[in-house]
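Quick look at protein_19.tsv (TSV, C-alpha atoms and all ligand atoms):
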chain	number	residue	atom	x	y	z
A	1	MET	CA	-53.50	-97.12	70.41
A	2	SER	CA	-56.79	-97.08	68.50
A	3	VAL	CA	-56.91	-95.56	65.00
A	4	ARG	CA	-57.34	-91.77	65.15
A	5	ILE	CA	-56.80	-91.09	61.45
A	6	PRO	CA	-58.34	-93.64	59.05
A	7	VAL	CA	-57.03	-94.25	55.53
A	8	ALA	CA	-60.26	-93.15	53.85
A	9	ARG	CA	-63.73	-91.95	54.75
A	10	PRO	CA	-66.58	-91.54	52.26
A	11	GLU	CA	-68.37	-88.18	52.00
A	12	MET	CA	-72.09	-88.69	52.47
A	13	GLY	CA	-74.96	-87.37	54.54
A	14	GLU	CA	-78.38	-85.75	54.44
A	15	PRO	CA	-78.70	-85.35	50.62
A	16	GLU	CA	-78.06	-89.08	50.13
A	17	TRP	CA	-80.55	-89.98	52.90
A	18	GLN	CA	-83.19	-87.75	51.34
A	19	ALA	CA	-82.63	-89.18	47.85
A	20	ILE	CA	-82.90	-92.77	49.13
A	21	ARG	CA	-86.03	-91.90	51.11
A	22	GLU	CA	-87.66	-90.56	47.94
A	23	VAL	CA	-86.92	-93.83	46.13
A	24	VAL	CA	-88.43	-95.88	48.95
A	25	GLU	CA	-91.52	-93.67	48.92
A	26	SER	CA	-91.82	-93.95	45.13
A	27	GLY	CA	-92.11	-97.74	45.33
A	28	TRP	CA	-89.73	-98.29	42.37
A	29	VAL	CA	-86.46	-99.59	43.78
A	30	THR	CA	-84.59	-101.23	40.91
A	31	GLN	CA	-84.08	-100.66	37.15
A	32	GLY	CA	-86.24	-97.54	37.40
A	33	PRO	CA	-85.92	-93.82	36.73
A	34	ARG	CA	-83.03	-93.19	39.16
A	35	VAL	CA	-80.83	-95.76	37.43
A	36	GLU	CA	-81.48	-94.07	34.09
A	37	ALA	CA	-80.86	-90.59	35.54
A	38	PHE	CA	-77.58	-91.69	37.17
A	39	GLU	CA	-76.41	-93.23	33.89
A	40	LYS	CA	-77.16	-90.00	32.05
A	41	ALA	CA	-75.48	-87.82	34.69
A	42	MET	CA	-72.28	-89.94	34.73
A	43	ALA	CA	-72.10	-90.09	30.92
A	44	GLU	CA	-72.59	-86.34	30.66
A	45	TYR	CA	-70.03	-85.53	33.36
A	46	CYS	CA	-67.39	-87.83	31.86
A	47	GLY	CA	-68.07	-86.92	28.22
A	48	ALA	CA	-69.36	-90.32	27.08
A	49	GLU	CA	-72.39	-91.15	24.95
A	50	HIS	CA	-73.98	-93.87	27.09
A	51	GLY	CA	-73.82	-95.18	30.64
A	52	VAL	CA	-74.88	-98.64	31.80
A	53	ALA	CA	-75.08	-99.03	35.59
A	54	VAL	CA	-74.19	-102.40	37.09
A	55	SER	CA	-73.54	-103.93	40.50
A	56	SER	CA	-69.75	-103.30	40.69
A	57	CYS	CA	-66.70	-102.47	38.61
A	58	THR	CA	-65.87	-106.18	38.51
A	59	THR	CA	-69.19	-106.93	36.81
A	60	ALA	CA	-68.76	-103.84	34.59
A	61	LEU	CA	-65.37	-105.16	33.44
A	62	HIS	CA	-66.78	-108.64	32.89
A	63	LEU	CA	-69.59	-107.35	30.65
A	64	ALA	CA	-67.32	-104.86	28.84
A	65	LEU	CA	-64.94	-107.69	27.95
A	66	VAL	CA	-67.85	-109.84	26.76
A	67	VAL	CA	-69.15	-107.12	24.43
A	68	ALA	CA	-65.58	-106.50	23.23
A	69	GLY	CA	-65.66	-110.09	22.00
A	70	VAL	CA	-63.42	-111.68	24.63
A	71	GLY	CA	-64.16	-115.32	25.43
A	72	PRO	CA	-62.71	-118.76	26.10
A	73	GLY	CA	-59.36	-119.37	24.39
A	74	ASP	CA	-58.49	-115.65	24.24
A	75	GLU	CA	-55.79	-113.81	26.14
A	76	VAL	CA	-56.12	-110.32	27.63
A	77	VAL	CA	-53.05	-108.39	28.77
A	78	VAL	CA	-53.51	-106.84	32.23
A	79	PRO	CA	-51.21	-105.36	34.86
A	80	SER	CA	-50.57	-107.82	37.68
A	81	MET	CA	-50.14	-104.84	39.98
A	82	SER	CA	-53.82	-104.03	40.36
A	83	PHE	CA	-56.65	-105.10	42.59
A	84	ILE	CA	-57.27	-108.76	41.75
A	85	ALA	CA	-60.70	-107.94	40.23
A	86	THR	CA	-58.88	-106.72	37.10
A	87	ALA	CA	-57.51	-110.21	36.39
A	88	ASN	CA	-60.64	-111.96	37.68
A	89	ALA	CA	-62.87	-110.09	35.22
A	90	VAL	CA	-60.84	-111.61	32.38
A	91	ALA	CA	-61.02	-115.07	33.94
A	92	HIS	CA	-64.83	-114.73	34.29
A	93	THR	CA	-65.10	-114.55	30.48
A	94	GLY	CA	-63.20	-117.84	30.14
A	95	ALA	CA	-60.16	-116.00	28.71
A	96	THR	CA	-56.68	-115.97	30.26
A	97	PRO	CA	-55.27	-112.85	31.94
A	98	VAL	CA	-51.65	-112.35	30.80
A	99	PHE	CA	-49.72	-110.28	33.33
A	100	ALA	CA	-47.54	-107.39	32.20
A	101	GLU	CA	-45.22	-105.07	34.11
A	102	VAL	CA	-46.04	-101.56	35.23
A	103	GLU	CA	-43.84	-98.45	35.10
A	104	PRO	CA	-41.95	-98.11	38.39
A	105	ASP	CA	-42.98	-94.47	38.94
A	106	THR	CA	-46.61	-94.18	37.74
A	107	PHE	CA	-47.62	-97.81	38.54
A	108	ASN	CA	-49.45	-97.85	35.18
A	109	LEU	CA	-48.93	-100.41	32.39
A	110	ASP	CA	-45.50	-100.54	30.74
A	111	LEU	CA	-46.59	-100.60	27.10
A	112	ALA	CA	-43.26	-101.97	25.84
A	113	ASP	CA	-43.78	-104.97	28.12
A	114	VAL	CA	-47.42	-105.28	27.02
A	115	GLU	CA	-46.25	-105.49	23.40
A	116	ARG	CA	-43.76	-108.27	24.25
A	117	ARG	CA	-46.59	-110.36	25.72
A	118	ILE	CA	-48.92	-110.20	22.72
A	119	THR	CA	-49.52	-113.54	20.98
A	120	GLU	CA	-51.88	-114.66	18.22
A	121	ARG	CA	-54.45	-115.37	20.97
A	122	THR	CA	-54.39	-111.85	22.44
A	123	ARG	CA	-57.75	-110.17	22.05
A	124	ALA	CA	-57.64	-107.08	24.27
A	125	VAL	CA	-55.67	-104.89	26.65
A	126	LEU	CA	-57.22	-104.01	30.00
A	127	LEU	CA	-55.79	-100.58	30.74
A	128	VAL	CA	-55.94	-99.71	34.44
A	129	HIS	CA	-55.67	-96.11	35.66
A	130	GLN	CA	-53.99	-97.17	38.85
A	131	LEU	CA	-55.03	-95.28	41.97
A	132	GLY	CA	-56.89	-92.90	39.66
A	133	LEU	CA	-53.79	-91.67	37.77
A	134	PRO	CA	-54.52	-91.74	34.01
A	135	ALA	CA	-52.40	-94.24	32.07
A	136	ASP	CA	-51.10	-93.69	28.53
A	137	ILE	CA	-54.41	-93.99	26.66
A	138	ASP	CA	-53.13	-92.74	23.27
A	139	GLY	CA	-50.13	-95.07	23.37
A	140	THR	CA	-52.42	-97.99	24.24
A	141	HIS	CA	-54.79	-97.17	21.37
A	142	ARG	CA	-51.84	-97.03	18.94
A	143	LEU	CA	-50.55	-100.38	20.20
A	144	ALA	CA	-54.04	-101.90	20.00
A	145	GLU	CA	-54.46	-100.66	16.43
A	146	ARG	CA	-51.11	-102.16	15.38
A	147	HIS	CA	-52.18	-105.57	16.70
A	148	GLY	CA	-55.94	-105.47	16.07
A	149	LEU	CA	-56.88	-105.53	19.78
A	150	ALA	CA	-59.74	-104.07	21.79
A	151	VAL	CA	-59.02	-101.63	24.64
A	152	VAL	CA	-61.12	-101.72	27.80
A	153	GLU	CA	-60.27	-99.12	30.45
A	154	ASP	CA	-60.39	-100.16	34.09
A	155	ALA	CA	-61.20	-96.72	35.51
A	156	ALA	CA	-62.39	-98.17	38.85
A	157	CYS	CA	-60.48	-95.43	40.68
A	158	ALA	CA	-60.40	-92.68	38.05
A	159	VAL	CA	-63.69	-90.76	38.11
A	160	GLY	CA	-62.94	-87.06	37.69
A	161	SER	CA	-59.38	-87.56	36.40
A	162	SER	CA	-58.53	-86.17	32.95
A	163	TYR	CA	-56.22	-87.10	30.12
A	164	ALA	CA	-55.29	-84.86	27.17
A	165	GLY	CA	-58.06	-82.42	28.03
A	166	GLY	CA	-60.89	-84.99	28.28
A	167	ARG	CA	-62.31	-86.62	31.39
A	168	ILE	CA	-61.65	-90.32	31.88
A	169	GLY	CA	-64.61	-92.06	30.25
A	170	SER	CA	-64.42	-90.06	27.03
A	171	HIS	CA	-61.47	-91.73	25.28
A	172	SER	CA	-62.25	-95.42	24.72
A	173	GLU	CA	-65.21	-97.43	23.54
A	174	LEU	CA	-65.57	-99.18	26.91
A	175	VAL	CA	-64.60	-97.60	30.24
A	176	CYS	CA	-65.54	-99.12	33.62
A	177	PHE	CA	-65.96	-97.36	36.99
A	178	SER	CA	-66.39	-98.50	40.61
A	179	PHE	CA	-68.62	-96.98	43.29
A	180	HIS	CA	-67.14	-98.96	46.19
A	181	PRO	CA	-66.69	-96.83	49.35
A	182	ARG	CA	-62.93	-96.53	48.83
A	183	LYS	CA	-63.58	-94.64	45.57
A	184	LEU	CA	-64.46	-90.94	45.23
A	185	LEU	CA	-68.13	-91.64	44.48
A	186	THR	CA	-69.88	-94.38	46.38
A	187	THR	CA	-73.23	-96.10	46.11
A	188	GLY	CA	-72.27	-98.66	48.78
A	189	ASP	CA	-71.22	-100.98	45.99
A	190	GLY	CA	-71.82	-100.38	42.31
A	191	GLY	CA	-70.26	-99.82	38.93
A	192	MET	CA	-70.84	-98.44	35.48
A	193	VAL	CA	-69.70	-98.99	31.91
A	194	LEU	CA	-69.46	-95.83	29.82
A	195	THR	CA	-69.46	-96.45	26.09
A	196	SER	CA	-69.43	-94.47	22.86
A	197	SER	CA	-71.36	-97.26	21.09
A	198	ALA	CA	-75.18	-97.46	21.09
A	199	GLU	CA	-74.90	-101.11	20.09
A	200	HIS	CA	-72.65	-101.93	23.05
A	201	ALA	CA	-74.97	-100.00	25.40
A	202	GLU	CA	-77.97	-101.99	24.27
A	203	ARG	CA	-76.22	-105.34	24.70
A	204	LEU	CA	-74.73	-104.33	28.07
A	205	ARG	CA	-78.24	-103.46	29.33
A	206	ARG	CA	-79.45	-106.87	28.21
A	207	LEU	CA	-76.51	-108.74	29.70
A	208	ARG	CA	-76.94	-107.15	33.15
A	209	GLN	CA	-80.60	-108.23	33.19
A	210	HIS	CA	-80.65	-111.96	32.34
A	211	GLY	CA	-80.54	-111.33	28.57
A	212	MET	CA	-84.09	-109.93	28.63
A	213	SER	CA	-85.32	-108.34	25.41
A	214	VAL	CA	-87.39	-105.56	27.06
A	215	ASN	CA	-86.40	-103.30	29.89
A	216	ASP	CA	-88.66	-102.68	32.89
A	217	ARG	CA	-89.17	-98.99	32.16
A	218	VAL	CA	-90.42	-99.71	28.62
A	219	ARG	CA	-92.72	-102.48	29.83
A	220	SER	CA	-94.22	-100.51	32.70
A	221	SER	CA	-95.03	-97.51	30.50
A	222	SER	CA	-96.51	-99.57	27.65
A	223	THR	CA	-100.28	-99.47	27.06
A	224	SER	CA	-100.25	-102.84	25.35
A	225	VAL	CA	-99.09	-106.15	26.78
A	226	ILE	CA	-95.43	-106.86	26.08
A	227	ARG	CA	-94.00	-110.38	26.41
A	228	GLU	CA	-90.27	-110.49	26.85
A	229	SER	CA	-87.88	-113.10	25.59
A	230	TYR	CA	-84.39	-114.03	26.75
A	231	LEU	CA	-81.96	-113.57	23.91
A	232	GLU	CA	-78.77	-115.03	25.37
A	233	VAL	CA	-77.46	-116.56	28.57
A	234	ALA	CA	-76.65	-113.62	30.82
A	235	TRP	CA	-76.41	-112.40	34.42
A	236	ASN	CA	-78.10	-110.40	37.13
A	237	TYR	CA	-75.66	-107.49	37.52
A	238	ARG	CA	-78.26	-104.79	38.28
A	239	LEU	CA	-77.72	-101.63	40.30
A	240	THR	CA	-80.74	-100.62	42.39
A	241	ASP	CA	-82.51	-97.25	42.28
A	242	LEU	CA	-81.61	-96.80	45.95
A	243	GLN	CA	-77.95	-96.94	44.96
A	244	ALA	CA	-78.43	-94.83	41.84
A	245	ALA	CA	-80.21	-92.10	43.86
A	246	MET	CA	-77.21	-92.01	46.15
A	247	GLY	CA	-74.87	-91.89	43.14
A	248	ILE	CA	-76.64	-88.83	41.73
A	249	GLU	CA	-76.06	-86.96	45.00
A	250	GLN	CA	-72.46	-88.17	45.18
A	251	LEU	CA	-71.77	-86.86	41.68
A	252	LYS	CA	-72.87	-83.38	42.81
A	253	ARG	CA	-70.17	-83.50	45.50
A	254	LEU	CA	-67.42	-84.46	43.05
A	255	PRO	CA	-66.03	-80.99	42.12
A	256	ALA	CA	-65.54	-80.07	45.79
A	257	MET	CA	-64.02	-83.48	46.54
A	258	LEU	CA	-61.54	-83.12	43.66
A	259	GLU	CA	-60.48	-79.68	44.83
A	260	ARG	CA	-59.94	-80.78	48.43
A	261	ARG	CA	-58.07	-83.94	47.42
A	262	ALA	CA	-55.71	-81.95	45.19
A	263	ALA	CA	-54.98	-79.55	48.07
A	264	LEU	CA	-54.30	-82.41	50.50
A	265	ALA	CA	-51.98	-84.12	47.99
A	266	ALA	CA	-50.07	-80.88	47.41
A	267	ARG	CA	-49.61	-80.58	51.18
A	268	TYR	CA	-48.22	-84.14	51.42
A	269	ASP	CA	-45.95	-83.45	48.41
A	270	ALA	CA	-44.54	-80.34	50.09
A	271	ALA	CA	-44.09	-82.04	53.48
A	272	LEU	CA	-42.27	-85.04	51.99
A	273	ALA	CA	-40.31	-83.23	49.26
A	274	ASP	CA	-36.57	-83.84	49.21
A	275	HIS	CA	-36.66	-86.72	51.70
A	276	PRO	CA	-33.80	-89.01	50.61
A	277	LEU	CA	-35.80	-92.23	51.10
A	278	ILE	CA	-39.39	-91.24	50.35
A	279	ASP	CA	-40.76	-90.59	46.85
A	280	THR	CA	-44.15	-88.95	46.36
A	281	PRO	CA	-46.48	-89.98	43.49
A	282	PRO	CA	-45.60	-88.36	40.13
A	283	VAL	CA	-48.23	-86.76	37.90
A	284	PRO	CA	-47.21	-86.91	34.22
A	285	GLU	CA	-47.65	-83.95	31.84
A	286	GLY	CA	-51.07	-83.69	30.25
A	287	VAL	CA	-53.08	-85.42	32.97
A	288	THR	CA	-55.03	-84.29	36.01
A	289	TRP	CA	-55.29	-86.76	38.85
A	290	ASN	CA	-58.28	-87.17	41.18
A	291	VAL	CA	-55.91	-88.34	43.98
A	292	GLN	CA	-58.09	-91.35	44.66
A	293	THR	CA	-55.29	-92.87	46.75
A	294	TYR	CA	-52.02	-91.21	47.79
A	295	THR	CA	-49.08	-93.58	48.08
A	296	ALA	CA	-45.60	-92.95	49.45
A	297	ARG	CA	-42.79	-95.01	47.93
A	298	LEU	CA	-39.93	-96.07	50.19
A	299	ARG	CA	-36.66	-96.34	48.32
A	300	GLY	CA	-35.01	-99.72	48.69
A	301	ALA	CA	-37.69	-101.05	51.08
A	302	ASP	CA	-38.89	-104.64	50.86
A	303	ALA	CA	-42.30	-105.72	52.13
A	304	ALA	CA	-41.00	-106.41	55.65
A	305	ALA	CA	-39.44	-102.93	55.95
A	306	ARG	CA	-42.59	-101.31	54.57
A	307	ASP	CA	-44.77	-103.30	57.00
A	308	ALA	CA	-42.58	-102.15	59.90
A	309	VAL	CA	-43.16	-98.54	58.85
A	310	MET	CA	-46.91	-99.21	58.70
A	311	GLN	CA	-46.86	-100.76	62.19
A	312	HIS	CA	-44.96	-97.77	63.55
A	313	MET	CA	-47.59	-95.43	62.14
A	314	LEU	CA	-50.43	-97.60	63.45
A	315	ASP	CA	-48.85	-97.46	66.90
A	316	ALA	CA	-49.18	-93.67	66.58
A	317	GLY	CA	-52.90	-94.02	65.72
A	318	ILE	CA	-52.52	-93.57	61.94
A	319	ALA	CA	-53.95	-96.21	59.60
A	320	THR	CA	-52.15	-96.98	56.33
A	321	ARG	CA	-52.45	-99.78	53.78
A	322	ALA	CA	-49.86	-101.75	51.83
A	323	GLY	CA	-49.31	-100.64	48.23
A	324	VAL	CA	-51.37	-102.08	45.40
A	325	MET	CA	-51.24	-105.89	45.37
A	326	THR	CA	-49.80	-108.07	42.61
A	327	ALA	CA	-52.21	-110.73	41.34
A	328	HIS	CA	-49.48	-113.06	40.05
A	329	ARG	CA	-48.23	-113.75	43.59
A	330	GLU	CA	-51.67	-114.64	44.97
A	331	PRO	CA	-52.64	-118.33	45.25
A	332	ALA	CA	-55.39	-117.78	42.65
A	333	TYR	CA	-52.78	-117.12	39.93
A	334	ALA	CA	-49.47	-118.27	41.42
A	335	ASP	CA	-49.50	-121.61	39.58
A	336	ARG	CA	-48.18	-119.87	36.44
A	337	GLY	CA	-44.79	-119.24	38.06
A	338	CYS	CA	-44.76	-115.70	36.66
A	339	SER	CA	-42.06	-113.24	37.81
A	340	LEU	CA	-42.53	-109.48	37.49
A	341	PRO	CA	-39.70	-107.80	39.41
A	342	VAL	CA	-40.70	-104.18	38.70
A	343	SER	CA	-44.27	-104.76	39.88
A	344	GLU	CA	-43.10	-106.72	42.91
A	345	ARG	CA	-40.72	-103.95	44.00
A	346	ALA	CA	-43.34	-101.24	43.40
A	347	SER	CA	-45.95	-103.14	45.38
A	348	ASP	CA	-43.67	-104.12	48.26
A	349	GLY	CA	-42.05	-100.71	48.68
A	350	SER	CA	-45.15	-98.52	48.78
A	351	LEU	CA	-47.83	-97.67	51.30
A	352	VAL	CA	-51.12	-95.78	51.18
A	353	LEU	CA	-51.37	-92.70	53.39
A	354	PRO	CA	-54.66	-91.32	54.78
A	355	LEU	CA	-56.41	-88.92	52.42
A	356	PHE	CA	-60.10	-87.99	52.39
A	357	PRO	CA	-61.92	-84.68	51.98
A	358	ALA	CA	-62.82	-84.26	55.65
A	359	MET	CA	-59.17	-84.60	56.66
A	360	THR	CA	-57.65	-81.43	58.13
A	361	ASP	CA	-54.37	-79.82	57.05
A	362	ASP	CA	-53.00	-80.54	60.52
A	363	GLN	CA	-53.79	-84.23	60.09
A	364	VAL	CA	-51.85	-84.31	56.80
A	365	ASP	CA	-48.89	-82.68	58.55
A	366	GLU	CA	-49.15	-85.21	61.38
A	367	CYS	CA	-49.25	-88.17	58.95
A	368	ALA	CA	-46.27	-86.88	56.98
A	369	ARG	CA	-44.30	-86.33	60.19
A	370	ALA	CA	-45.23	-89.80	61.45
A	371	LEU	CA	-44.06	-91.34	58.17
A	372	VAL	CA	-40.69	-89.58	58.35
A	373	GLU	CA	-40.29	-90.69	61.98
A	374	ALA	CA	-41.30	-94.26	61.15
A	375	VAL	CA	-38.78	-94.44	58.31
A	376	ALA	CA	-36.04	-93.23	60.67
A	377	ALA	CA	-37.14	-95.46	63.55
A	378	THR	CA	-37.33	-98.66	61.54
A	379	GLY	CA	-33.78	-98.39	60.27
A	380	LEU	CA	-34.63	-97.44	56.71
A	381	GLY	CA	-33.22	-93.96	57.27
B	1	LIG	C1	-58.26	-101.18	39.54
B	1	LIG	C2	-59.50	-101.82	40.07
B	1	LIG	N1	-60.28	-102.56	39.27
B	1	LIG	C3	-61.42	-103.14	39.71
B	1	LIG	C4	-61.84	-103.00	41.01
B	1	LIG	C5	-63.10	-103.68	41.46
B	1	LIG	O1	-64.09	-102.76	41.79
B	1	LIG	P1	-65.43	-103.27	42.53
B	1	LIG	O2	-65.11	-103.44	43.97
B	1	LIG	O3	-66.41	-102.14	42.29
B	1	LIG	O4	-65.85	-104.53	41.86
B	1	LIG	C6	-61.06	-102.24	41.90
B	1	LIG	C7	-61.49	-102.07	43.29
B	1	LIG	O5	-60.76	-101.67	44.15
B	1	LIG	C8	-59.86	-101.63	41.42
B	1	LIG	O6	-59.07	-100.89	42.23

structure tokens encoding of this file:
Amino acid sequence: MSVRIPVARPEMGEPEWQAIREVVESGWVTQGPRVEAFEKAMAEYCGAEHGVAVSSCTTALHLALVVAGVGPGDEVVVPSMSFIATANAVAHTGATPVFAEVEPDTFNLDLADVERRITERTRAVLLVHQLGLPADIDGTHRLAERHGLAVVEDAACAVGSSYAGGRIGSHSELVCFSFHPRKLLTTGDGGMVLTSSAEHAERLRRLRQHGMSVNDRVRSSSTSVIRESYLEVAWNYRLTDLQAAMGIEQLKRLPAMLERRAALAARYDAALADHPLIDTPPVPEGVTWNVQTYTARLRGADAAARDAVMQHMLDAGIATRAGVMTAHREPAYADRGCSLPVSERASDGSLVLPLFPAMTDDQVDECARALVEAVAATGLG
């Protein structure tokens, strides 16, 4: 049977088309006024001082780590249970990602395990808000202070989530977001670093644009000739104005998206409550979750049992995805022979259920029913 209910579907339409059309008609399609306006809008929404738009969250993380002082010979503690870009961003700086365990219920970093993995080479902790659920930011800051480390937040999935009364983006010096289509806001691809530091913002802007000393907006509005210089070896990690124009429209949709996602998650929670073999995602005290991705956790299931449940659902026309990957078991990092049993169990025993704003209540009920049936049919139940 073909897929009737996809896992995710971005919200976009006429306002995005119109905004992109205006950029095309303006003739200024990269590093122009829309990029600046999108940076300002994101920083204001999230409660940060500065925004620096880049081509993806991976490139945002790379640059954030560079400005945090991470480089060859350093170690950065990261969760293995995260999309592999988290670890890769560390590797791109020449530093070594050191994998730590996650908590079995929230899938966020286990800070006791992080502390055990700190050495004299550790320079930073990369704190992921997995699936958009805020991790323990205060605990991470306290740990980082004790050991003299930088904290970079990987908030790829967490736009619109809050922690201790402040939106994600307002708590740390460097917080990175993704605008890939699986996230709440999409610009096709794209990313942003939010920072409380004017100095970091200035260097991030330079690093995304080949290390150039002058930005295009300053040069084009100057009445005297400006010659740029290239202050350090850097990258082309620019976001275009076409993407930024789309991002501005997407941000306007965010409050409605958050409300609908919360309602859909509550419906799943109610439908799956009290099932002896299915756990729903917990939301700790003091946080609000944007429900970027809703995962069900199958008690005692290994990857084969979970995959059988996924196949059963696919046969009923419902797409799902395996739980968050573990980087340490991928060929790119497997040579370290690392074992992380909590992360492995969490990854193998979970699956992503469909959730997107245009989904109907009936579709949520159908997906929950199909999951319960699949668990029973595959011998888990
Ligand atoms: C936790 C995390 N970090 C980083 C990324 C990379 O984001 P991007 O695709 O924008 O580079 C993702 C993407 O899924 C992610 O989930």

- request: Write as a PyMOL selection string the residues around ligand LIG 1 (chain B), taking 9 Å as the cut-off and counting all atoms listed in the file.
  value: chain A and resi 55-61+81-87+89+128-132+154-158+176-183+189-192+324

Near-A:Pro79 list (7 Å; all atoms listed in the file; drop same-chain fewer than 4 positions) as a PyMOL selection string: chain A and resi 99-102+109

Just write the chosen residues, C-alpha atoms, as a CSV table (one decimal), keeping the file's coordinate frame.
chain,number,residue,atom,x,y,z
A,99,PHE,CA,-49.7,-110.3,33.3
A,100,ALA,CA,-47.5,-107.4,32.2
A,101,GLU,CA,-45.2,-105.1,34.1
A,102,VAL,CA,-46.0,-101.6,35.2
A,109,LEU,CA,-48.9,-100.4,32.4

query: Restricting the calculation to all atoms listed in the file, which member of A:Ala8, A:Ala19, A:Ile168, A:Met325 is positioned closest to A:Trp289?
result: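 Closest to A:Trp289 of all the choices is A:Ile168.
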
Atom CA of A:Arg34 to atom CA of A:Leu242, distance in Å rounded to a single decimal: 7.8 Å

- request: Could you give me, as an NGL selection string, the residues within 12 Å of stretch 269-280 of chain A, counting only C-alpha atoms and dropping anything in the same chain fewer than 6 positions from it?
  value: :A and (104-106 or 262-263 or 291 or 293-301 or 306 or 309 or 346 or 349-353 or 361-376 or 379-381)

task: May I ask for the distance between atom CA of A:Ser161 and atom CA of A:Thr288, given in Å to one decimal place?
output: 5.5 Å

If you take every atom of stretch 112-116 of chain A that the file lists and fit an axis-aligned box around them with 4 Å extra on each side, what centre and edge lengths come out in Å to one decimal, as lines of an AutoDock Vina configuration file?
center_x = -45.3
center_y = -105.1
center_z = 25.8
size_x = 12.2
size_y = 14.3
size_z = 12.7

- request: Considering only C-alpha atoms, state which residue in the set A:Glu344, A:Glu25, A:Glu249, A:Glu202 is at the smallest distance from A:Phe107.
  value: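 So, comparing all the options, the nearest one is A:Glu344.
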
query: If you measure from atom CA of A:Leu251 to atom CA of A:Val214, what distance in Å do you get, rounded to one decimal?
result: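 According to the coordinates, atom CA of A:Leu251 and atom CA of A:Val214 are separated by 28.4 Å.
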
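Using only C-alpha atoms, the protein and nucleic acid residues lying no more than 12 Å from A:Val218, apart from those fewer than 2 places from it along its own chain, are Gln31, Gly32, Pro33, Glu36, Ser213, Val214, Asn215, Asp216, Ser220, Ser221, Ser222, Thr223, Ser224, Val225, Ile226, Arg227 and Glu228 of chain A.
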
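Closest to A:Ala64 among A:Val77, A:Leu174, A:Ala334, A:Val125 is A:Leu174, based on only C-alpha atoms.
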
task: Write out as a VMD selection string each polymer residue whose atoms come within 9 Å of A:Leu63, counting all atoms listed in the file; drop sequence neighbours fewer than 4 positions from it.
output: chain A and resid 58 to 59 67 to 68 89 93 193 204 207 to 208

Would you put the residues from that selection into a file with C-alpha atoms, as a CSV table (one decimal), in the coordinates of the input?
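File written: selection_17.csv
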chain,number,residue,atom,x,y,z
A,58,THR,CA,-65.9,-106.2,38.5
A,59,THR,CA,-69.2,-106.9,36.8
A,67,VAL,CA,-69.2,-107.1,24.4
A,68,ALA,CA,-65.6,-106.5,23.2
A,89,ALA,CA,-62.9,-110.1,35.2
A,93,THR,CA,-65.1,-114.6,30.5
A,193,VAL,CA,-69.7,-99.0,31.9
A,204,LEU,CA,-74.7,-104.3,28.1
A,207,LEU,CA,-76.5,-108.7,29.7
A,208,ARG,CA,-76.9,-107.2,33.2
